[in-house]
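Novice: Below is the file protein.csv, with CSV, C-alpha atoms.
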```
chain,number,residue,atom,x,y,z
A,14,MET,CA,47.8,-28.0,-19.9
A,15,ILE,CA,50.2,-27.8,-16.9
A,16,ASN,CA,48.3,-27.3,-13.7
A,17,LEU,CA,50.6,-24.9,-11.8
A,18,GLN,CA,48.6,-25.1,-8.6
A,19,SER,CA,48.9,-28.9,-8.5
A,20,ILE,CA,52.6,-28.6,-9.1
A,21,GLU,CA,53.0,-26.1,-6.3
A,22,GLN,CA,51.0,-28.3,-3.9
A,23,LYS,CA,53.3,-31.3,-4.7
A,24,LEU,CA,56.4,-29.1,-4.2
A,25,LEU,CA,55.0,-27.9,-0.9
A,26,LEU,CA,54.5,-31.5,0.2
A,27,LEU,CA,58.0,-32.4,-0.8
A,28,ALA,CA,59.3,-29.3,1.0
A,29,LEU,CA,57.4,-30.3,4.1
A,30,LEU,CA,58.8,-33.9,4.0
A,31,PHE,CA,62.3,-32.4,3.5
A,32,VAL,CA,61.9,-30.1,6.5
A,33,ILE,CA,60.7,-32.9,8.7
A,34,GLY,CA,63.5,-35.2,7.6
A,35,GLY,CA,66.1,-32.4,7.9
A,36,SER,CA,65.0,-31.5,11.4
A,37,ILE,CA,65.4,-35.1,12.5
A,38,VAL,CA,68.8,-35.4,11.0
A,39,ALA,CA,69.9,-32.1,12.5
A,40,ASN,CA,68.9,-33.3,16.0
A,41,LEU,CA,70.5,-36.7,15.6
A,42,PHE,CA,73.9,-35.3,14.4
A,43,ALA,CA,73.8,-32.2,16.5
A,44,TRP,CA,74.3,-29.9,13.6
A,45,ASP,CA,75.5,-26.4,14.2
A,46,VAL,CA,72.6,-23.8,14.5
A,47,LYS,CA,73.7,-22.0,11.4
A,48,TRP,CA,73.0,-25.1,9.3
A,49,GLN,CA,69.5,-25.3,10.8
A,50,ILE,CA,68.5,-21.8,9.8
A,51,PRO,CA,67.6,-22.8,6.2
A,52,LEU,CA,65.3,-25.5,7.6
A,53,ILE,CA,63.6,-22.8,9.8
A,54,TYR,CA,63.1,-20.6,6.8
A,55,ALA,CA,61.7,-23.5,4.9
A,56,VAL,CA,59.2,-24.2,7.7
A,57,LEU,CA,58.1,-20.6,7.6
A,58,TYR,CA,57.6,-20.7,3.9
A,59,VAL,CA,55.5,-23.9,4.0
A,60,LEU,CA,53.3,-22.5,6.8
A,61,LEU,CA,52.8,-19.2,5.0
A,62,SER,CA,51.8,-21.0,1.8
A,63,VAL,CA,49.3,-23.1,3.7
A,64,VAL,CA,47.8,-20.1,5.4
A,65,VAL,CA,47.5,-18.2,2.1
A,66,GLU,CA,45.8,-21.2,0.5
A,67,VAL,CA,43.3,-21.5,3.3
A,68,ARG,CA,42.5,-17.8,3.1
A,69,ASP,CA,41.9,-17.9,-0.6
A,70,ARG,CA,39.6,-20.8,-0.3
A,71,GLN,CA,37.4,-19.0,2.3
A,72,ALA,CA,34.8,-17.3,0.1
A,73,PRO,CA,33.1,-14.3,1.8
A,74,THR,CA,29.5,-14.7,2.9
A,75,ALA,CA,27.3,-13.5,0.1
A,76,SER,CA,24.2,-13.1,2.2
A,77,THR,CA,23.1,-12.6,5.8
A,78,HIS,CA,19.7,-13.3,7.4
A,79,TYR,CA,18.7,-11.1,10.3
A,80,ARG,CA,16.5,-12.8,12.8
A,81,THR,CA,15.3,-9.6,14.6
A,82,SER,CA,14.7,-6.0,13.6
A,83,ASP,CA,17.5,-4.9,16.0
A,84,GLU,CA,20.0,-7.1,14.1
A,85,PHE,CA,18.9,-5.5,10.8
A,86,PHE,CA,19.0,-1.9,12.1
A,87,LEU,CA,22.4,-2.3,13.8
A,88,SER,CA,23.8,-3.8,10.6
A,89,PHE,CA,22.6,-0.9,8.6
A,90,ALA,CA,24.0,1.6,11.1
A,91,ARG,CA,27.4,-0.1,10.8
A,92,LEU,CA,27.4,-0.3,7.0
A,93,VAL,CA,26.2,3.3,6.5
A,94,ARG,CA,29.1,4.6,8.5
A,95,THR,CA,31.5,2.9,6.0
A,96,ALA,CA,29.7,4.5,2.9
A,97,GLU,CA,31.8,6.9,0.9
A,98,ARG,CA,29.7,8.0,-2.0
A,99,HIS,CA,26.0,7.2,-1.9
A,100,VAL,CA,23.3,5.6,0.1
A,101,TYR,CA,19.9,4.7,-1.4
A,102,THR,CA,17.0,3.8,0.9
A,103,SER,CA,13.3,3.4,0.9
A,104,TYR,CA,10.6,3.7,3.5
A,105,VAL,CA,7.4,2.6,2.0
A,106,ARG,CA,5.2,1.3,4.8
A,107,ASN,CA,1.8,2.0,6.2
A,108,THR,CA,3.1,3.1,9.6
A,109,PRO,CA,5.7,5.9,10.2
A,110,PRO,CA,9.2,5.3,11.5
A,111,PRO,CA,8.3,5.9,15.2
A,112,SER,CA,6.4,2.5,15.1
A,113,PHE,CA,9.8,1.0,15.7
A,114,GLN,CA,10.7,2.2,19.2
A,115,SER,CA,13.8,0.2,20.0
A,116,PRO,CA,17.2,1.9,20.6
A,117,ALA,CA,18.6,0.0,17.5
A,118,ALA,CA,15.8,1.5,15.3
A,119,GLN,CA,16.5,5.0,16.6
A,120,GLN,CA,20.1,4.5,15.9
A,121,TYR,CA,19.2,3.4,12.3
A,122,PHE,CA,17.5,6.7,11.5
A,123,ARG,CA,20.1,8.7,13.5
A,124,ALA,CA,23.0,7.1,11.6
A,125,ALA,CA,21.4,8.1,8.3
A,126,THR,CA,21.0,11.7,9.3
A,127,ASP,CA,24.5,11.9,10.9
A,128,TRP,CA,26.1,10.4,7.8
A,129,THR,CA,24.4,12.9,5.5
A,130,ARG,CA,25.6,15.8,7.6
A,131,ARG,CA,29.2,14.5,7.9
A,132,ASN,CA,29.6,13.8,4.2
A,133,PRO,CA,28.5,16.8,2.2
A,134,GLY,CA,30.2,15.6,-0.9
A,135,ALA,CA,28.2,12.3,-0.9
A,136,SER,CA,24.5,11.8,-1.5
A,137,PHE,CA,21.7,10.2,0.5
A,138,HIS,CA,18.5,9.2,-1.4
A,139,ARG,CA,15.2,8.1,0.3
A,140,ILE,CA,11.9,7.1,-1.2
A,141,ILE,CA,9.1,7.6,1.2
A,142,GLY,CA,5.6,6.1,0.9
A,143,VAL,CA,2.5,7.9,2.0
A,144,PRO,CA,-0.8,5.9,2.2
A,145,ALA,CA,-3.5,7.4,0.0
A,146,GLN,CA,-6.1,7.0,2.7
A,147,GLU,CA,-6.6,6.2,6.4
A,148,PRO,CA,-5.5,4.5,8.4
A,149,GLY,CA,-1.9,5.6,8.1
A,150,LYS,CA,-2.2,8.7,5.9
A,151,SER,CA,-2.4,11.4,8.6
A,152,THR,CA,0.3,9.8,10.9
A,153,MET,CA,2.7,9.4,8.0
A,154,ARG,CA,2.1,13.0,6.9
A,155,LEU,CA,2.7,14.2,10.4
A,156,TRP,CA,6.1,12.4,10.6
A,157,LEU,CA,6.9,13.5,7.0
A,158,ARG,CA,6.3,17.2,8.1
A,159,GLU,CA,8.8,16.8,10.9
A,160,HIS,CA,11.2,15.0,8.7
A,161,TYR,CA,11.0,17.7,6.0
A,162,GLU,CA,11.9,20.4,8.6
A,163,GLU,CA,14.8,18.3,10.0
A,164,MET,CA,16.4,17.6,6.6
A,165,HIS,CA,15.5,20.8,4.8
A,166,GLY,CA,18.6,22.7,3.7
A,167,LEU,CA,20.9,19.7,3.3
A,168,ALA,CA,21.9,19.9,-0.3
A,169,ASN,CA,23.1,16.2,-0.4
A,170,TYR,CA,19.8,14.8,1.0
A,171,HIS,CA,17.3,13.9,-1.7
A,172,ALA,CA,13.8,12.6,-0.9
A,173,ARG,CA,10.9,11.6,-3.1
A,174,VAL,CA,7.4,10.5,-2.3
A,175,VAL,CA,5.2,7.7,-3.6
A,176,THR,CA,1.5,7.4,-2.8
A,177,THR,CA,0.5,3.9,-1.9
A,178,ASN,CA,-2.9,2.2,-2.2
A,179,SER,CA,-1.9,-1.2,-0.8
A,180,GLY,CA,-2.5,-2.4,2.7
A,181,VAL,CA,0.8,-4.4,2.4
A,182,ASP,CA,4.2,-2.8,3.1
A,183,ALA,CA,6.7,-2.8,0.2
A,184,VAL,CA,10.0,-4.7,0.4
A,185,ASN,CA,12.1,-1.8,1.6
A,186,MET,CA,15.8,-1.6,0.8
A,187,ALA,CA,19.1,0.2,1.6
A,188,ILE,CA,21.9,0.2,-0.9
A,189,ILE,CA,25.3,1.1,0.5
A,190,ASP,CA,27.8,2.2,-2.2
A,191,ASP,CA,28.8,-0.9,-4.2
A,192,THR,CA,29.0,-2.9,-1.1
A,193,ALA,CA,25.7,-4.3,0.0
A,194,VAL,CA,21.9,-4.4,-0.3
A,195,LEU,CA,19.8,-4.7,2.8
A,196,LEU,CA,16.2,-5.8,2.4
A,197,LEU,CA,13.5,-5.3,5.1
A,198,LEU,CA,10.2,-7.1,5.1
A,199,THR,CA,7.4,-5.9,7.4
A,200,ALA,CA,3.7,-6.4,7.9
A,201,ASP,CA,1.2,-4.6,10.0
A,202,GLY,CA,4.0,-2.5,11.5
A,203,SER,CA,5.9,-5.5,12.7
A,204,PHE,CA,9.2,-6.9,11.6
A,205,MET,CA,9.1,-10.1,9.5
A,206,SER,CA,12.5,-10.6,8.1
A,207,GLY,CA,15.7,-8.9,7.1
A,208,HIS,CA,18.5,-9.8,4.7
A,209,SER,CA,21.7,-8.4,3.2
A,210,LEU,CA,23.2,-9.3,-0.1
A,211,GLU,CA,26.9,-8.5,-0.6
A,212,THR,CA,27.6,-9.3,-4.2
A,213,ALA,CA,28.2,-6.9,-7.1
A,214,GLU,CA,25.4,-8.5,-9.1
A,215,ALA,CA,22.9,-7.9,-6.3
A,216,VAL,CA,24.0,-4.3,-5.8
A,217,ASN,CA,23.7,-3.6,-9.5
A,218,SER,CA,20.3,-5.2,-10.0
A,219,PHE,CA,18.7,-3.5,-7.0
A,220,ARG,CA,20.3,-0.2,-7.8
A,221,ASP,CA,18.7,-0.3,-11.3
A,222,TYR,CA,15.4,-1.2,-9.8
A,223,TYR,CA,15.7,1.6,-7.3
A,224,ARG,CA,16.5,4.1,-10.0
A,225,SER,CA,13.3,3.2,-11.8
A,226,TRP,CA,11.3,3.5,-8.6
A,227,TRP,CA,13.0,6.9,-8.0
A,228,ALA,CA,12.1,8.2,-11.4
A,229,SER,CA,8.4,7.5,-10.9
A,230,ALA,CA,8.3,9.2,-7.5
A,231,GLU,CA,7.6,12.9,-6.7
A,232,PRO,CA,10.3,15.2,-5.2
A,233,LEU,CA,9.5,15.9,-1.5
A,234,GLU,CA,9.5,19.6,-2.1
A,235,SER,CA,6.9,19.3,-4.8
A,236,TYR,CA,4.8,17.0,-2.8
A,237,ALA,CA,5.0,19.4,0.2
A,238,GLN,CA,3.8,22.3,-1.9
A,239,ARG,CA,1.1,20.4,-3.8
A,240,THR,CA,-0.5,18.9,-0.7
A,241,ASP,CA,0.1,21.8,1.8
A,242,LEU,CA,2.2,19.5,3.9
A,243,MET,CA,3.6,22.3,6.1
A,244,ALA,CA,0.2,23.9,6.7
A,245,PRO,CA,-0.7,23.7,10.5
A,246,ASP,CA,-4.1,22.1,9.8
A,247,HIS,CA,-2.8,19.4,7.5
```
Starting from the file, give its structure as structure tokens.
Specialist:
Amino acid sequence: MINLQSIEQKLLLLALLFVIGGSIVANLFAWDVKWQIPLIYAVLYVLLSVVVEVRDRQAPTASTHYRTSDEFFLSFARLVRTAERHVYTSYVRNTPPPSFQSPAAQQYFRAATDWTRRNPGASFHRIIGVPAQEPGKSTMRLWLREHYEEMHGLANYHARVVTTNSGVDAVNMAIIDDTAVLLLLTADGSFMSGHSLETAEAVNSFRDYYRSWWASAEPLESYAQRTDLMAPDH
């Protein structure tokens, strides 16, 4: 089979040699400028071909490691602003969101709320974990009550609750359209590691897993009614 790419590379090499030789001859014999114009165009073509080839060979980074929680939260805030259709997130931990007090963490939660309000035609899904017992149950329920009041009435915001019995935080995730999956690992309320995967295979796999998780969770409205979440003494 004929390798067209190899033939093109050889032609580019010959063209480059021709351009170099032509420019030398043009200078030696003081050719008129109009005869040098074809050489100039040839140079531009060779340079453009090289640039295109370099660009095509630069594969995009498929994954990113975040060294700090701030790096992770700022990356999420940036990515969620670019979302057009849907965002899937989870917050299944033994400590409520206020346990992260940095400005970047606050921007993380604010970006999610702002995006939901600005994009009524899109959808935001969140799975929230509530510990089955203390420590953690009462503080998470207190935050969840405030969160329910804040997001209540937003038709495109969908939240479900899972009851957790483990002392270990889940691997939490955020899926942005078909663009990226962000993974957050924490322990004892502290940041451990963050990663983003930006391949179609990763997005599809984690989205399928998320949908299974979502199907087993309880709608926030049902949980609130069943457990008297909004009652003052709960």
Novice: Taking only C-alpha atoms into account, name the residue in A:Asp241, A:Asn107, A:Tyr223, A:Glu231 that is nearest to A:Thr152.
Specialist: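 Of A:Asp241, A:Asn107, A:Tyr223, A:Glu231, the one nearest A:Thr152, counting only C-alpha atoms, is A:Asn107.
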Novice: Rank A:Pro133, A:Pro109, A:Pro116, A:Gly149 by their smallest atom-to-atom distance to A:Asn178, using all atoms listed in the file, and report the top residue only.
Specialist: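 Closest candidate: A:Gly149.
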Novice: For a test of reading the model, state the distance in Å between atom CA of A:Ala145 and atom CA of A:Arg224, rounded to one decimal.
Specialist: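 Going from atom CA of A:Ala145 over to atom CA of A:Arg224, I get 22.6 Å.
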Novice: Using all atoms listed in the file, determine which residues lie at most 8 Å from A:Ile189, disregarding the query and same-chain residues fewer than 5 positions distant; provide the list as a PyMOL selection string.
Specialist: chain A and resi 92-93+96+99-101+194
Novice: Just to confirm, what's the straight-line distance from atom CA of A:Ser229 to atom CA of A:Thr102 in Å (one decimal)?
Specialist: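 Between atom CA of A:Ser229 and atom CA of A:Thr102 the gap works out to 15.1 Å.
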Novice: Neighbours of stretch 159-172 of chain A within 9 Å (only C-alpha atoms; same-chain residues fewer than 4 positions away dropped), as a PDB file with C-alpha atoms, keeping the file's coordinate frame?
Specialist:
```
ATOM      1  CA  THR A 126      21.000  11.700   9.300  1.00  0.00           C
ATOM      2  CA  THR A 129      24.400  12.900   5.500  1.00  0.00           C
ATOM      3  CA  ARG A 130      25.600  15.800   7.600  1.00  0.00           C
ATOM      4  CA  ASN A 132      29.600  13.800   4.200  1.00  0.00           C
ATOM      5  CA  PRO A 133      28.500  16.800   2.200  1.00  0.00           C
ATOM      6  CA  GLY A 134      30.200  15.600  -0.900  1.00  0.00           C
ATOM      7  CA  ALA A 135      28.200  12.300  -0.900  1.00  0.00           C
ATOM      8  CA  SER A 136      24.500  11.800  -1.500  1.00  0.00           C
ATOM      9  CA  PHE A 137      21.700  10.200   0.500  1.00  0.00           C
ATOM     10  CA  HIS A 138      18.500   9.200  -1.400  1.00  0.00           C
ATOM     11  CA  ARG A 139      15.200   8.100   0.300  1.00  0.00           C
ATOM     12  CA  ILE A 140      11.900   7.100  -1.200  1.00  0.00           C
ATOM     13  CA  ILE A 141       9.100   7.600   1.200  1.00  0.00           C
ATOM     14  CA  ARG A 154       2.100  13.000   6.900  1.00  0.00           C
ATOM     15  CA  LEU A 155       2.700  14.200  10.400  1.00  0.00           C
ATOM     16  CA  GLU A 231       7.600  12.900  -6.700  1.00  0.00           C
ATOM     17  CA  PRO A 232      10.300  15.200  -5.200  1.00  0.00           C
ATOM     18  CA  LEU A 233       9.500  15.900  -1.500  1.00  0.00           C
ATOM     19  CA  GLU A 234       9.500  19.600  -2.100  1.00  0.00           C
ATOM     20  CA  ALA A 237       5.000  19.400   0.200  1.00  0.00           C
ATOM     21  CA  MET A 243       3.600  22.300   6.100  1.00  0.00           C
TER      22      MET A 243
END
```
Novice: A:Pro110: which residues within 12 Å, counting only C-alpha atoms, same-chain residues fewer than 2 positions away excluded, as a ChimeraX atom specification?
Specialist: /A:103-108,112-115,118-123,141-143,149,152-157,159-160,202-203
Novice: One decimal, Å: what's the distance from atom CA of A:Phe204 over to atom CA of A:Asp182, could you say?
Specialist: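 Computed distance, atom CA of A:Phe204 to atom CA of A:Asp182, equals 10.7 Å.
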Novice: Pick out the closest residue to A:Ala75 from this set: A:His208, A:Arg173, A:Arg91, A:Arg158. Count only C-alpha atoms.
Specialist: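 For A:Ala75, the nearest of the candidates is A:His208.
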Novice: Hey, which of A:Lys150, A:Tyr236, A:Ser179, A:Ile188 ends up closest to A:Thr212? Count only C-alpha atoms.
Specialist: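 Of the candidates, the smallest distance to A:Thr212 is held by A:Ile188.
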Novice: Of the candidates A:Arg131, A:Arg220, A:His78, A:Arg239, which one gets nearest to A:Met186 if we count all atoms listed in the file?
Specialist: A:Arg220
Novice: When distances are computed from only C-alpha atoms, which of A:Gln146, A:Arg94, A:Leu195, A:Ala215 shows the smallest separation from A:Asp127?
Specialist: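 Closest to A:Asp127, using only C-alpha atoms: A:Arg94.
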